[in-house]
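Colleague: If you scroll down you'll find the structure; I have some questions about it.
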Amino acid sequence: METPQPPLRPLPPVAADVDAALLSIDAELDWLLALNPLGTDALWDEFDASGRTRVSDLRYAEPLLDVDGMRQRLLALPVDGIESPLLAQVLGEKQVDLARTIELVRLRGTEGFIAASIELFGGVEPDLLALARRILSDVAPGEPLEADTGVDAVVTAVEDEVAWYCERAPDFSLDVTVNADVGSLMMVSHGRLYLDADLRLPQARLQPLVQHEIGTHVVTHYNGARQPLRQLAVGLAQYDPLQEGLGVLAEYLTGYLPGERLRILAARVVAADMATRRQGIPAIFACLHEEHGFATDDAFDVAVRALRGGGLTKDAVYLRGLRDLLADLGDGGDFPSLFTGKFALAHREVLAELVDQGWAAPPRLLPRYASADGFAQALERCRGLGPDCLHHQHPEPLPLQEQPA
């Protein structure tokens, strides 16, 4: 028998004002796009022509951000006047997180960027680097599959996914932008899905990636936006590792996380570590391509990602988040509550308190794959796996045969 949940109630006035102001600042601060390099195809051509020894500085679109004004507004928020110690803690942590993010954007392309990135996302701790190297040494890439699926098929799959959620929640929606220079095959930022116009991927990877982006990032954004504490839509402080860990787990639970994908996540950790030691794109490329056998396009992509802004350590959170999530599940951690919104694993107890206080509620939607045949067995299997074992040799897709709405 389910325990009845306390009725939802609005945040007290000062907390509500701070929550709304933080949401507004977060919406203005699209740091992912501010750090997205331009013209990476031309950059590769230049790098290849140099004998893969030289590359120009990364170029970016000029962000339309008043970072100084934004920071002043952020630090002027009356966090000390928030009526609840619990809400003051959560919103105060987010204020600090956003201040660090503003500093990250402000320092783009400068000597101070790496320190700002480490302060926001952490560096690369020795045990995480050891795990990454173990994966690169022990995990085989898996069977090669033809990249036979383009952006039109992805858009169709996304439309089908959105329709499925709309049957269960009519207010569910998703804006999709197809862009020729996204810097990633697909990514979600502020609830919008961006697709690379030139993307090509194997058919077997289509659903896993859709479930990563929509089943994790969009669904948690949707659930969080319907909480009294709306900060759960954009993310409490330090939410990234759990989000990306859940996204990668979704790829496995949907039936195809190839060894090569796990190796890419490990390569990102190695590249982030090299970037913090101020090694450039040529050195990172050589390490990944010559020492670890990555294809030239993958090695260059990982190297460029690691050097975004001057040395971005965010890419280490994918493997860190997966490692920590599997440890949590292995200890019996609850799965559905992870979709209440965007938060860190360290916030589990805080989230339970927010529910007890009526400022959050269990998720309205769970990802589509959670209703598929075989999901429960697949999840149970994950509770006993370490991250270096979480991959498939061949596609084993879960049939997305959902229960009736």
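Residue numbers start at 1 in each chain; chains themselves are named A, B, ... in the order of the structure tokens; ligands are numbered from 1 in the order shown.
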Write out as a ChimeraX atom specification each polymer residue whose atoms come within 9 Å of Pro228 in chain A, counting only C-alpha atoms; drop sequence neighbours fewer than 5 positions from it.
Modeller: /A:8-11,16,358-361
Colleague: Would you mind exporting all heavy atoms of the selected residues as a PDB file, in the first residue's frame?
Modeller:
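What follows is the written file part31.pdb:
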```pdb
ATOM      1  N   LEU A   8       0.339  19.331  -1.857  1.00  0.00           N
ATOM      2  CA  LEU A   8       1.282  20.345  -2.312  1.00  0.00           C
ATOM      3  C   LEU A   8       0.847  21.720  -1.816  1.00  0.00           C
ATOM      4  O   LEU A   8      -0.341  22.019  -1.709  1.00  0.00           O
ATOM      5  CB  LEU A   8       1.377  20.332  -3.831  1.00  0.00           C
ATOM      6  CG  LEU A   8       2.011  19.092  -4.457  1.00  0.00           C
ATOM      7  CD1 LEU A   8       2.004  19.208  -5.966  1.00  0.00           C
ATOM      8  CD2 LEU A   8       3.434  18.893  -3.947  1.00  0.00           C
ATOM      9  N   ARG A   9       1.828  22.550  -1.539  1.00  0.00           N
ATOM     10  CA  ARG A   9       1.525  23.912  -1.109  1.00  0.00           C
ATOM     11  C   ARG A   9       2.532  24.860  -1.732  1.00  0.00           C
ATOM     12  O   ARG A   9       3.657  24.465  -2.063  1.00  0.00           O
ATOM     13  CB  ARG A   9       1.549  24.032   0.416  1.00  0.00           C
ATOM     14  CG  ARG A   9       2.886  23.681   1.065  1.00  0.00           C
ATOM     15  CD  ARG A   9       2.760  23.627   2.582  1.00  0.00           C
ATOM     16  NE  ARG A   9       4.017  23.310   3.234  1.00  0.00           N
ATOM     17  CZ  ARG A   9       4.625  24.076   4.121  1.00  0.00           C
ATOM     18  NH1 ARG A   9       4.089  25.261   4.441  1.00  0.00           N
ATOM     19  NH2 ARG A   9       5.747  23.703   4.694  1.00  0.00           N
ATOM     20  N   PRO A  10       2.153  26.110  -1.928  1.00  0.00           N
ATOM     21  CA  PRO A  10       3.076  27.053  -2.564  1.00  0.00           C
ATOM     22  C   PRO A  10       4.250  27.375  -1.648  1.00  0.00           C
ATOM     23  O   PRO A  10       4.170  27.249  -0.421  1.00  0.00           O
ATOM     24  CB  PRO A  10       2.204  28.292  -2.803  1.00  0.00           C
ATOM     25  CG  PRO A  10       1.115  28.185  -1.788  1.00  0.00           C
ATOM     26  CD  PRO A  10       0.850  26.719  -1.623  1.00  0.00           C
ATOM     27  N   LEU A  11       5.361  27.789  -2.263  1.00  0.00           N
ATOM     28  CA  LEU A  11       6.479  28.271  -1.477  1.00  0.00           C
ATOM     29  C   LEU A  11       6.088  29.537  -0.738  1.00  0.00           C
ATOM     30  O   LEU A  11       5.261  30.326  -1.217  1.00  0.00           O
ATOM     31  CB  LEU A  11       7.674  28.582  -2.380  1.00  0.00           C
ATOM     32  CG  LEU A  11       8.264  27.456  -3.236  1.00  0.00           C
ATOM     33  CD1 LEU A  11       9.530  27.954  -3.929  1.00  0.00           C
ATOM     34  CD2 LEU A  11       8.551  26.215  -2.436  1.00  0.00           C
ATOM     35  N   ALA A  16       9.537  32.011  -2.837  1.00  0.00           N
ATOM     36  CA  ALA A  16       8.940  31.987  -4.176  1.00  0.00           C
ATOM     37  C   ALA A  16       9.586  33.038  -5.073  1.00  0.00           C
ATOM     38  O   ALA A  16       9.859  32.782  -6.259  1.00  0.00           O
ATOM     39  CB  ALA A  16       7.437  32.212  -4.082  1.00  0.00           C
ATOM     40  N   GLY A 358       5.621  19.318   1.343  1.00  0.00           N
ATOM     41  CA  GLY A 358       4.641  19.688   0.332  1.00  0.00           C
ATOM     42  C   GLY A 358       5.172  20.577  -0.753  1.00  0.00           C
ATOM     43  O   GLY A 358       4.399  21.161  -1.522  1.00  0.00           O
ATOM     44  N   TRP A 359       6.519  20.686  -0.871  1.00  0.00           N
ATOM     45  CA  TRP A 359       7.122  21.557  -1.882  1.00  0.00           C
ATOM     46  C   TRP A 359       7.652  20.768  -3.081  1.00  0.00           C
ATOM     47  O   TRP A 359       8.251  21.320  -3.999  1.00  0.00           O
ATOM     48  CB  TRP A 359       8.228  22.395  -1.259  1.00  0.00           C
ATOM     49  CG  TRP A 359       7.683  23.410  -0.289  1.00  0.00           C
ATOM     50  CD1 TRP A 359       6.539  24.133  -0.437  1.00  0.00           C
ATOM     51  CD2 TRP A 359       8.237  23.777   0.966  1.00  0.00           C
ATOM     52  NE1 TRP A 359       6.346  24.954   0.651  1.00  0.00           N
ATOM     53  CE2 TRP A 359       7.379  24.757   1.536  1.00  0.00           C
ATOM     54  CE3 TRP A 359       9.381  23.396   1.692  1.00  0.00           C
ATOM     55  CZ2 TRP A 359       7.622  25.342   2.772  1.00  0.00           C
ATOM     56  CZ3 TRP A 359       9.630  23.986   2.919  1.00  0.00           C
ATOM     57  CH2 TRP A 359       8.760  24.950   3.453  1.00  0.00           C
ATOM     58  N   ALA A 360       7.436  19.464  -3.059  1.00  0.00           N
ATOM     59  CA  ALA A 360       7.742  18.604  -4.202  1.00  0.00           C
ATOM     60  C   ALA A 360       6.843  17.380  -4.101  1.00  0.00           C
ATOM     61  O   ALA A 360       6.292  17.086  -3.037  1.00  0.00           O
ATOM     62  CB  ALA A 360       9.214  18.190  -4.212  1.00  0.00           C
ATOM     63  N   ALA A 361       6.692  16.693  -5.221  1.00  0.00           N
ATOM     64  CA  ALA A 361       5.837  15.508  -5.273  1.00  0.00           C
ATOM     65  C   ALA A 361       6.504  14.467  -6.159  1.00  0.00           C
ATOM     66  O   ALA A 361       7.393  14.799  -6.954  1.00  0.00           O
ATOM     67  CB  ALA A 361       4.461  15.873  -5.828  1.00  0.00           C
TER      68      ALA A 361
END
```
Colleague: For Ala266 in chain A, please output as a list in words all residues within 7 Å (counting only C-alpha atoms; exclusion window: fewer than 4 positions along the same chain).
Modeller: Ala132, Arg133, Ile135, Leu136, Leu262, Val270 and Leu319 of chain A
Colleague: Using backbone DSSP assignments, extract all alpha helix (DSSP H) residues from range 183-299 of chain A; output them as JSON, numbers by chain.
Modeller: {"A": [206, 207, 208, 209, 210, 219, 220, 221, 222, 223, 224, 225, 231, 232, 233, 234, 240, 241, 242, 243, 244, 245, 246, 247, 248, 249, 250, 251, 252, 253, 259, 260, 261, 262, 263, 264, 265, 266, 267, 268, 269, 270, 271, 272, 273, 274, 275, 276, 281, 282, 283, 284, 285, 286, 296, 297, 298, 299]}
Colleague: Under the rule that only C-alpha atoms are counted, which of A:Ala378, A:Leu253, A:Val317, A:Ile264 is the nearest residue to Asp297 in chain A?
Modeller: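 Among A:Ala378, A:Leu253, A:Val317, A:Ile264, it is A:Ile264 that comes nearest to Asp297 in chain A.
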Colleague: Have a look at A:Ala99, A:Leu236, A:Leu390, A:Leu193 and name the one nearest to Val162 in chain A; count only C-alpha atoms.
Modeller: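 The closest residue to Val162 in chain A is A:Leu193.
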